[in-house]
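Visitor: Below is the structure I would like to discuss, written out as structure tokens.
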Amino acid sequence: MTAQLIDGNALSRQLRADVTARVTALKANGITPGLAVVLVGENAASQVYVRNKVKACEDTGMHSVLERWPATMTEAELLARVDALNADTTIHGILVQLPLPAHIDAQKVIEAISPAKDVDGFHIASAGALMTGMPGFWPCTPYGCMKMLESIGYELKGKHAVVIGRSNIVGKPMALMLLQQNATVTICHSATKDLKAMTLQADVIVAAVGKRNVLTADMVKAGAVVLDVGMNRNDEGKLCGDVDFEGVKQVAGWITPVPGGVGPMTITMLMVNTLESAERTERR
Ligand code: GUN
């Protein structure tokens with residue numbers, strides 16, 4: 001059997017077309033959704049990510065501001081910028097690109113962002129809202145994974161989902177979102193004793209570790225849905241995920257590729273969150 005692909009590029013195009021239409025409607029009411037992206041320092045990967053985020057805003061008709069600051073920026077200076085953006089009524093979403101230079105306390109900066117503009121969903125208020133099922137912004141990568149499951153009409157109720165990885169940005173919120181849809185959820189991590197024993201029981205596997213070949217064909221039940229959040233390079237320097245794609249696709253029922261899977265969905269959900277933030281101001 002060969003798994004069916006869940007195409008993140010195609011799904012992103014669909015969702016972004018919907019975002020564009022809603023942006024147009026909002027603009028007709030005098031509101032242009034605006035995203036501020038703040039980059040501190042010269043991290044090469046971050047530069048690519050922020051460019052893509054700004055481009056996605058342009059493509060969907062949103063306003064965006066890219067602030068680039070030197071790595072020598074102090075924590076106090078960055079907190080002052082966040083305060084200014086909190087007060088800026090043209091900005092509906094604030095994203096401070098991580099990682100930040102070591103002398104800046106990233107959590108402190110995240111907590112300074114108004115929860116109403118926390119389109120990354122990293123603020124503890126957003127995390128608490130997700131945990132309790134209250135309205136709030138969901139972190140974009142796991143939110144994108146949920147949209148991928150929705151796109152194939154997958155019913156999570158009563159299914160066993162195994163999440164590999166427990167980061168605050170992906171693993172933990174992913175587990176909560178799956179739980180909210182009534183899946184039975186197992187979180188595996190670096191101290192898990194027998195990962196294969198866990199994944200073999202899974203109907204859905206989300207691999208979010210940041211290491212190649214964390215999931216191989218012998219670890220997957222026939223027909224399982226496999227979502228690959230990893231972004232790694234193989235020995236030839238080619239982009240690859242956490243999943244041994246060639247092997248696992250022979251066993252799984254559905255699988256996301258890397259590139260062209262979860263990656264594009266992350267930025268798409270950032271657009272959705274920013275739009276929804278602007279729509280909320282309209283309703284106020
Ligand atoms: N660095 C890598 N991914 C992300 C993300 O989704 N948001 C932010 N703020 N920083 C990141």
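Within each chain, counting starts at residue 1; across the structure tokens, chains are named A, B, ... in the order shown, with ligands numbered 1 upward in that order.
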What are the closest atom pairs, with distances in Å to one decimal, for each residue of chain A lying within 9 Å of ligand 1, using only C-alpha atoms and all ligand atoms, rows by chain and rising residue number, as a tab-separated table?

Guide:
```
residue	atom	partner	partner_atom_place_in_ligand_line	distance
A:Val37	CA	ligand 1	9 (N)	8.3
A:Val38	CA	ligand 1	9 (N)	8.5
A:Leu39	CA	ligand 1	9 (N)	9.0
A:Ala45	CA	ligand 1	2 (C)	8.4
A:Ser46	CA	ligand 1	1 (N)	6.6
A:Tyr49	CA	ligand 1	2 (C)	7.5
A:Val50	CA	ligand 1	10 (N)	8.7
A:Ile94	CA	ligand 1	9 (N)	8.8
A:Leu95	CA	ligand 1	9 (N)	5.2
A:Val96	CA	ligand 1	9 (N)	4.8
A:Gln97	CA	ligand 1	9 (N)	3.7
A:Leu98	CA	ligand 1	10 (N)	3.8
A:Pro99	CA	ligand 1	1 (N)	6.0
A:Leu100	CA	ligand 1	10 (N)	8.8
A:Ile110	CA	ligand 1	9 (N)	8.8
A:Asp120	CA	ligand 1	7 (N)	5.8
A:Gly121	CA	ligand 1	7 (N)	8.8
A:Phe122	CA	ligand 1	9 (N)	8.1
A:Pro139	CA	ligand 1	6 (O)	7.5
A:Cys140	CA	ligand 1	6 (O)	6.5
A:Thr141	CA	ligand 1	6 (O)	7.0
A:Ile169	CA	ligand 1	6 (O)	7.5
A:Thr266	CA	ligand 1	6 (O)	7.0
A:Ile267	CA	ligand 1	6 (O)	7.9
A:Leu270	CA	ligand 1	6 (O)	8.3
```

Visitor: If you keep C-alpha atoms, can you produce a file of those selected residues as a CSV table (one decimal), in the first residue's frame?

Guide:
```
chain,number,residue,atom,x,y,z
A,37,VAL,CA,7.2,41.0,12.6
A,38,VAL,CA,10.1,41.8,14.9
A,39,LEU,CA,13.5,40.3,14.1
A,45,ALA,CA,17.0,30.8,9.1
A,46,SER,CA,15.0,33.5,10.8
A,49,TYR,CA,11.1,32.8,7.8
A,50,VAL,CA,10.3,36.5,8.4
A,94,ILE,CA,2.7,40.9,16.8
A,95,LEU,CA,5.3,38.2,16.2
A,96,VAL,CA,8.7,38.4,17.7
A,97,GLN,CA,10.8,35.9,15.8
A,98,LEU,CA,12.6,33.3,17.9
A,99,PRO,CA,15.3,32.5,18.8
A,100,LEU,CA,16.3,35.8,20.4
A,110,ILE,CA,6.4,36.9,24.8
A,120,ASP,CA,1.9,33.1,17.5
A,121,GLY,CA,-0.2,31.7,20.4
A,122,PHE,CA,2.9,31.6,22.7
A,139,PRO,CA,0.0,28.1,17.9
A,140,CYS,CA,0.3,28.1,14.1
A,141,THR,CA,2.1,24.8,13.5
A,169,ILE,CA,5.4,25.5,20.4
A,266,THR,CA,2.4,27.3,9.6
A,267,ILE,CA,2.5,30.6,7.8
A,270,LEU,CA,-0.4,32.9,11.0
```

Visitor: For A:Val220, work out the shell of residues within 8 Å, counting only C-alpha atoms and skipping chain neighbours fewer than 2 positions away, then give it as a ChimeraX atom specification.

Guide: /A:199-200,202,215-218,222,224,248,251-252

Visitor: Would you put the residues from that selection into a file with N, CA, C and O atoms, as a PDB file, in the first residue's frame?

Guide:
```pdb
ATOM      1  N   THR A 199       4.147   4.059  19.163  1.00  0.00           N
ATOM      2  CA  THR A 199       3.720   4.485  17.820  1.00  0.00           C
ATOM      3  C   THR A 199       2.979   3.359  17.093  1.00  0.00           C
ATOM      4  O   THR A 199       2.097   3.635  16.281  1.00  0.00           O
ATOM      5  N   LEU A 200       3.321   2.111  17.393  1.00  0.00           N
ATOM      6  CA  LEU A 200       2.643   0.991  16.719  1.00  0.00           C
ATOM      7  C   LEU A 200       1.156   0.920  17.080  1.00  0.00           C
ATOM      8  O   LEU A 200       0.372   0.322  16.358  1.00  0.00           O
ATOM      9  N   ALA A 202      -0.667   3.640  17.350  1.00  0.00           N
ATOM     10  CA  ALA A 202      -1.258   4.936  17.000  1.00  0.00           C
ATOM     11  C   ALA A 202      -2.050   4.896  15.700  1.00  0.00           C
ATOM     12  O   ALA A 202      -1.612   4.312  14.704  1.00  0.00           O
ATOM     13  N   LEU A 215      10.957   8.414  12.996  1.00  0.00           N
ATOM     14  CA  LEU A 215       9.875   7.465  12.734  1.00  0.00           C
ATOM     15  C   LEU A 215      10.189   6.699  11.451  1.00  0.00           C
ATOM     16  O   LEU A 215      10.348   7.296  10.385  1.00  0.00           O
ATOM     17  N   THR A 216      10.278   5.368  11.603  1.00  0.00           N
ATOM     18  CA  THR A 216      10.576   4.516  10.444  1.00  0.00           C
ATOM     19  C   THR A 216       9.404   3.545  10.223  1.00  0.00           C
ATOM     20  O   THR A 216       8.531   3.400  11.083  1.00  0.00           O
ATOM     21  N   ALA A 217       9.404   2.885   9.066  1.00  0.00           N
ATOM     22  CA  ALA A 217       8.246   2.070   8.644  1.00  0.00           C
ATOM     23  C   ALA A 217       7.867   1.014   9.673  1.00  0.00           C
ATOM     24  O   ALA A 217       6.673   0.757   9.890  1.00  0.00           O
ATOM     25  N   ASP A 218       8.847   0.415  10.331  1.00  0.00           N
ATOM     26  CA  ASP A 218       8.578  -0.663  11.299  1.00  0.00           C
ATOM     27  C   ASP A 218       7.856  -0.148  12.549  1.00  0.00           C
ATOM     28  O   ASP A 218       7.412  -0.935  13.377  1.00  0.00           O
ATOM     29  N   ALA A 222      -0.358  -0.150   9.891  1.00  0.00           N
ATOM     30  CA  ALA A 222      -0.880  -0.003   8.523  1.00  0.00           C
ATOM     31  C   ALA A 222      -2.073   0.948   8.520  1.00  0.00           C
ATOM     32  O   ALA A 222      -2.980   0.821   9.344  1.00  0.00           O
ATOM     33  N   ALA A 224      -2.141   4.170   9.243  1.00  0.00           N
ATOM     34  CA  ALA A 224      -2.070   5.317  10.162  1.00  0.00           C
ATOM     35  C   ALA A 224      -1.857   6.629   9.393  1.00  0.00           C
ATOM     36  O   ALA A 224      -1.354   6.633   8.270  1.00  0.00           O
ATOM     37  N   VAL A 248       8.028   4.993   5.335  1.00  0.00           N
ATOM     38  CA  VAL A 248       6.742   5.105   6.045  1.00  0.00           C
ATOM     39  C   VAL A 248       5.572   5.205   5.060  1.00  0.00           C
ATOM     40  O   VAL A 248       4.481   4.701   5.331  1.00  0.00           O
ATOM     41  N   VAL A 251       3.567   2.137   4.361  1.00  0.00           N
ATOM     42  CA  VAL A 251       2.764   1.533   5.430  1.00  0.00           C
ATOM     43  C   VAL A 251       1.569   2.419   5.807  1.00  0.00           C
ATOM     44  O   VAL A 251       0.469   1.924   6.058  1.00  0.00           O
ATOM     45  N   ALA A 252       1.808   3.735   5.856  1.00  0.00           N
ATOM     46  CA  ALA A 252       0.797   4.683   6.348  1.00  0.00           C
ATOM     47  C   ALA A 252      -0.379   4.779   5.369  1.00  0.00           C
ATOM     48  O   ALA A 252      -0.267   4.411   4.196  1.00  0.00           O
TER      49      ALA A 252
END
```

Visitor: With a distance cut-off of 9 Å and only C-alpha atoms, select the neighbouring residues of A:Val204, excluding the residue or stretch itself and same-chain residues fewer than 6 positions from it, and output the selection as a VMD selection string.

Guide: chain A and resid 156 159 to 163 224 to 227

Visitor: For the residues in the current selection, export all heavy atoms as a CSV table (one decimal), in the first residue's frame.

Guide:
```csv
chain,number,residue,atom,x,y,z
A,156,LEU,N,-11.4,12.3,14.7
A,156,LEU,CA,-10.4,12.0,15.7
A,156,LEU,C,-11.0,11.3,17.0
A,156,LEU,O,-10.3,10.6,17.7
A,156,LEU,CB,-9.7,13.3,16.2
A,156,LEU,CG,-8.5,13.7,15.3
A,156,LEU,CD1,-8.2,15.2,15.6
A,156,LEU,CD2,-7.3,12.9,15.5
A,159,LYS,N,-9.9,7.9,18.6
A,159,LYS,CA,-8.7,7.5,18.0
A,159,LYS,C,-7.5,7.6,18.9
A,159,LYS,O,-7.5,8.5,19.8
A,159,LYS,CB,-8.4,8.2,16.6
A,159,LYS,CG,-9.4,8.0,15.6
A,159,LYS,CD,-9.4,6.6,15.0
A,159,LYS,CE,-10.4,6.3,13.9
A,159,LYS,NZ,-11.2,7.4,13.4
A,160,HIS,N,-6.4,6.9,18.7
A,160,HIS,CA,-5.2,7.0,19.5
A,160,HIS,C,-4.2,7.9,18.7
A,160,HIS,O,-3.8,7.5,17.6
A,160,HIS,CB,-4.6,5.7,19.9
A,160,HIS,CG,-3.5,5.8,20.8
A,160,HIS,ND1,-2.7,4.7,21.1
A,160,HIS,CD2,-3.0,6.8,21.5
A,160,HIS,CE1,-1.7,5.1,22.0
A,160,HIS,NE2,-1.9,6.4,22.3
A,161,ALA,N,-3.9,9.0,19.3
A,161,ALA,CA,-2.9,9.9,18.6
A,161,ALA,C,-1.6,9.9,19.5
A,161,ALA,O,-1.7,10.1,20.7
A,161,ALA,CB,-3.5,11.3,18.5
A,162,VAL,N,-0.5,9.7,18.8
A,162,VAL,CA,0.8,9.8,19.5
A,162,VAL,C,1.6,11.0,19.0
A,162,VAL,O,1.8,11.1,17.8
A,162,VAL,CB,1.6,8.5,19.3
A,162,VAL,CG1,3.0,8.6,19.8
A,162,VAL,CG2,0.9,7.3,20.0
A,163,VAL,N,1.9,11.9,19.9
A,163,VAL,CA,2.7,13.0,19.5
A,163,VAL,C,4.1,12.8,20.0
A,163,VAL,O,4.4,12.4,21.2
A,163,VAL,CB,2.2,14.3,20.3
A,163,VAL,CG1,3.0,15.5,19.9
A,163,VAL,CG2,0.7,14.5,19.9
A,224,ALA,N,-2.1,4.2,9.2
A,224,ALA,CA,-2.1,5.3,10.2
A,224,ALA,C,-1.9,6.6,9.4
A,224,ALA,O,-1.4,6.6,8.3
A,224,ALA,CB,-0.9,5.1,11.2
A,225,VAL,N,-2.3,7.7,10.0
A,225,VAL,CA,-2.0,9.1,9.5
A,225,VAL,C,-0.7,9.6,10.1
A,225,VAL,O,-0.6,9.6,11.3
A,225,VAL,CB,-3.2,10.0,9.8
A,225,VAL,CG1,-2.9,11.4,9.2
A,225,VAL,CG2,-4.5,9.5,9.3
A,226,VAL,N,0.2,10.0,9.3
A,226,VAL,CA,1.5,10.5,9.8
A,226,VAL,C,1.7,12.0,9.4
A,226,VAL,O,1.7,12.3,8.2
A,226,VAL,CB,2.6,9.6,9.2
A,226,VAL,CG1,4.0,10.1,9.7
A,226,VAL,CG2,2.4,8.2,9.7
A,227,LEU,N,1.8,12.8,10.4
A,227,LEU,CA,2.1,14.2,10.1
A,227,LEU,C,3.5,14.5,10.5
A,227,LEU,O,3.9,14.3,11.7
A,227,LEU,CB,1.1,15.1,10.9
A,227,LEU,CG,-0.4,14.9,10.7
A,227,LEU,CD1,-1.2,15.8,11.6
A,227,LEU,CD2,-0.8,15.0,9.3
```

Visitor: What is the atom CA of A:Pro173 to atom CA of A:Gly230 distance in Å?

Guide: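 Value for the atom CA of A:Pro173-atom CA of A:Gly230 distance: 15.9 Å.
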
Visitor: Once DSSP has gone over the backbone, tell me which residues of stretch 20-191 of chain A are in helix (DSSP H, G or I), as number ranges by chain.

Guide: A: 20-28, 44-60, 75-87, 106-112, 115-117, 124-132, 140-151, 171-180

Visitor: If we count only C-alpha atoms and set the cut-off at 12 Å, which residues sit around A:Glu246, ignoring sequence neighbours fewer than 2 positions away in its own chain? Please answer as a JSON list (two decimals) with N, CA, C and O atoms, in the first residue's frame.

Guide:
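around26.json, freshly written:
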```json
[["chain", "number", "residue", "atom", "x", "y", "z"],
["A", 2, "THR", "N", 0.44, 2.26, -0.71],
["A", 2, "THR", "CA", 1.16, 3.53, -0.66],
["A", 2, "THR", "C", 0.23, 4.59, -0.10],
["A", 2, "THR", "O", -0.91, 4.70, -0.51],
["A", 3, "ALA", "N", 0.76, 5.36, 0.85],
["A", 3, "ALA", "CA", -0.06, 6.37, 1.55],
["A", 3, "ALA", "C", -0.49, 7.46, 0.57],
["A", 3, "ALA", "O", 0.20, 7.77, -0.40],
["A", 213, "ASN", "N", 14.65, 10.70, 10.73],
["A", 213, "ASN", "CA", 14.38, 9.26, 10.90],
["A", 213, "ASN", "C", 13.97, 8.87, 12.32],
["A", 213, "ASN", "O", 14.27, 7.77, 12.77],
["A", 215, "LEU", "N", 10.96, 8.41, 13.00],
["A", 215, "LEU", "CA", 9.87, 7.47, 12.73],
["A", 215, "LEU", "C", 10.19, 6.70, 11.45],
["A", 215, "LEU", "O", 10.35, 7.30, 10.38],
["A", 216, "THR", "N", 10.28, 5.37, 11.60],
["A", 216, "THR", "CA", 10.58, 4.52, 10.44],
["A", 216, "THR", "C", 9.40, 3.54, 10.22],
["A", 216, "THR", "O", 8.53, 3.40, 11.08],
["A", 217, "ALA", "N", 9.40, 2.89, 9.07],
["A", 217, "ALA", "CA", 8.25, 2.07, 8.64],
["A", 217, "ALA", "C", 7.87, 1.01, 9.67],
["A", 217, "ALA", "O", 6.67, 0.76, 9.89],
["A", 240, "CYS", "N", 14.55, 17.68, 4.77],
["A", 240, "CYS", "CA", 13.78, 16.47, 5.09],
["A", 240, "CYS", "C", 13.15, 16.63, 6.47],
["A", 240, "CYS", "O", 13.52, 17.52, 7.23],
["A", 241, "GLY", "N", 12.19, 15.78, 6.77],
["A", 241, "GLY", "CA", 11.48, 15.88, 8.04],
["A", 241, "GLY", "C", 12.04, 14.94, 9.09],
["A", 241, "GLY", "O", 13.21, 14.54, 9.02],
["A", 242, "ASP", "N", 11.20, 14.61, 10.07],
["A", 242, "ASP", "CA", 11.58, 13.67, 11.13],
["A", 242, "ASP", "C", 11.25, 12.23, 10.74],
["A", 242, "ASP", "O", 11.65, 11.29, 11.41],
["A", 243, "VAL", "N", 10.46, 12.10, 9.66],
["A", 243, "VAL", "CA", 9.94, 10.78, 9.27],
["A", 243, "VAL", "C", 10.74, 10.25, 8.08],
["A", 243, "VAL", "O", 11.07, 11.00, 7.16],
["A", 244, "ASP", "N", 11.02, 8.95, 8.11],
["A", 244, "ASP", "CA", 11.63, 8.31, 6.94],
["A", 244, "ASP", "C", 10.53, 8.16, 5.89],
["A", 244, "ASP", "O", 9.82, 7.16, 5.84],
["A", 248, "VAL", "N", 8.03, 4.99, 5.34],
["A", 248, "VAL", "CA", 6.74, 5.10, 6.04],
["A", 248, "VAL", "C", 5.57, 5.20, 5.06],
["A", 248, "VAL", "O", 4.48, 4.70, 5.33],
["A", 249, "LYS", "N", 5.81, 5.80, 3.89],
["A", 249, "LYS", "CA", 4.68, 5.94, 2.95],
["A", 249, "LYS", "C", 4.20, 4.58, 2.42],
["A", 249, "LYS", "O", 3.09, 4.48, 1.91],
["A", 250, "GLN", "N", 5.02, 3.56, 2.56],
["A", 250, "GLN", "CA", 4.60, 2.21, 2.15],
["A", 250, "GLN", "C", 3.61, 1.60, 3.13],
["A", 250, "GLN", "O", 2.92, 0.63, 2.82],
["A", 251, "VAL", "N", 3.57, 2.14, 4.36],
["A", 251, "VAL", "CA", 2.76, 1.53, 5.43],
["A", 251, "VAL", "C", 1.57, 2.42, 5.81],
["A", 251, "VAL", "O", 0.47, 1.92, 6.06],
["A", 252, "ALA", "N", 1.81, 3.74, 5.86],
["A", 252, "ALA", "CA", 0.80, 4.68, 6.35],
["A", 252, "ALA", "C", -0.38, 4.78, 5.37],
["A", 252, "ALA", "O", -0.27, 4.41, 4.20],
["A", 255, "ILE", "N", 0.07, 10.67, 4.62],
["A", 255, "ILE", "CA", 1.37, 11.19, 5.10],
["A", 255, "ILE", "C", 1.59, 12.60, 4.54],
["A", 255, "ILE", "O", 1.12, 12.92, 3.44],
["A", 256, "THR", "N", 2.25, 13.44, 5.33],
["A", 256, "THR", "CA", 2.60, 14.78, 4.84],
["A", 256, "THR", "C", 4.06, 14.76, 4.37],
["A", 256, "THR", "O", 4.93, 14.22, 5.06],
["A", 257, "PRO", "N", 4.34, 15.35, 3.21],
["A", 257, "PRO", "CA", 5.72, 15.40, 2.72],
["A", 257, "PRO", "C", 6.51, 16.54, 3.38],
["A", 257, "PRO", "O", 5.92, 17.44, 3.97],
["A", 258, "VAL", "N", 7.81, 16.50, 3.27],
["A", 258, "VAL", "CA", 8.68, 17.63, 3.62],
["A", 258, "VAL", "C", 9.68, 17.78, 2.49],
["A", 258, "VAL", "O", 10.40, 16.82, 2.19]]
```

Visitor: Between atom CA of A:Val170 and atom CA of A:Gln4, what distance in Å does the model show, to one decimal?

Guide: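 Taking atom CA of A:Val170 as the start and atom CA of A:Gln4 as the end point, the length is 23.6 Å.
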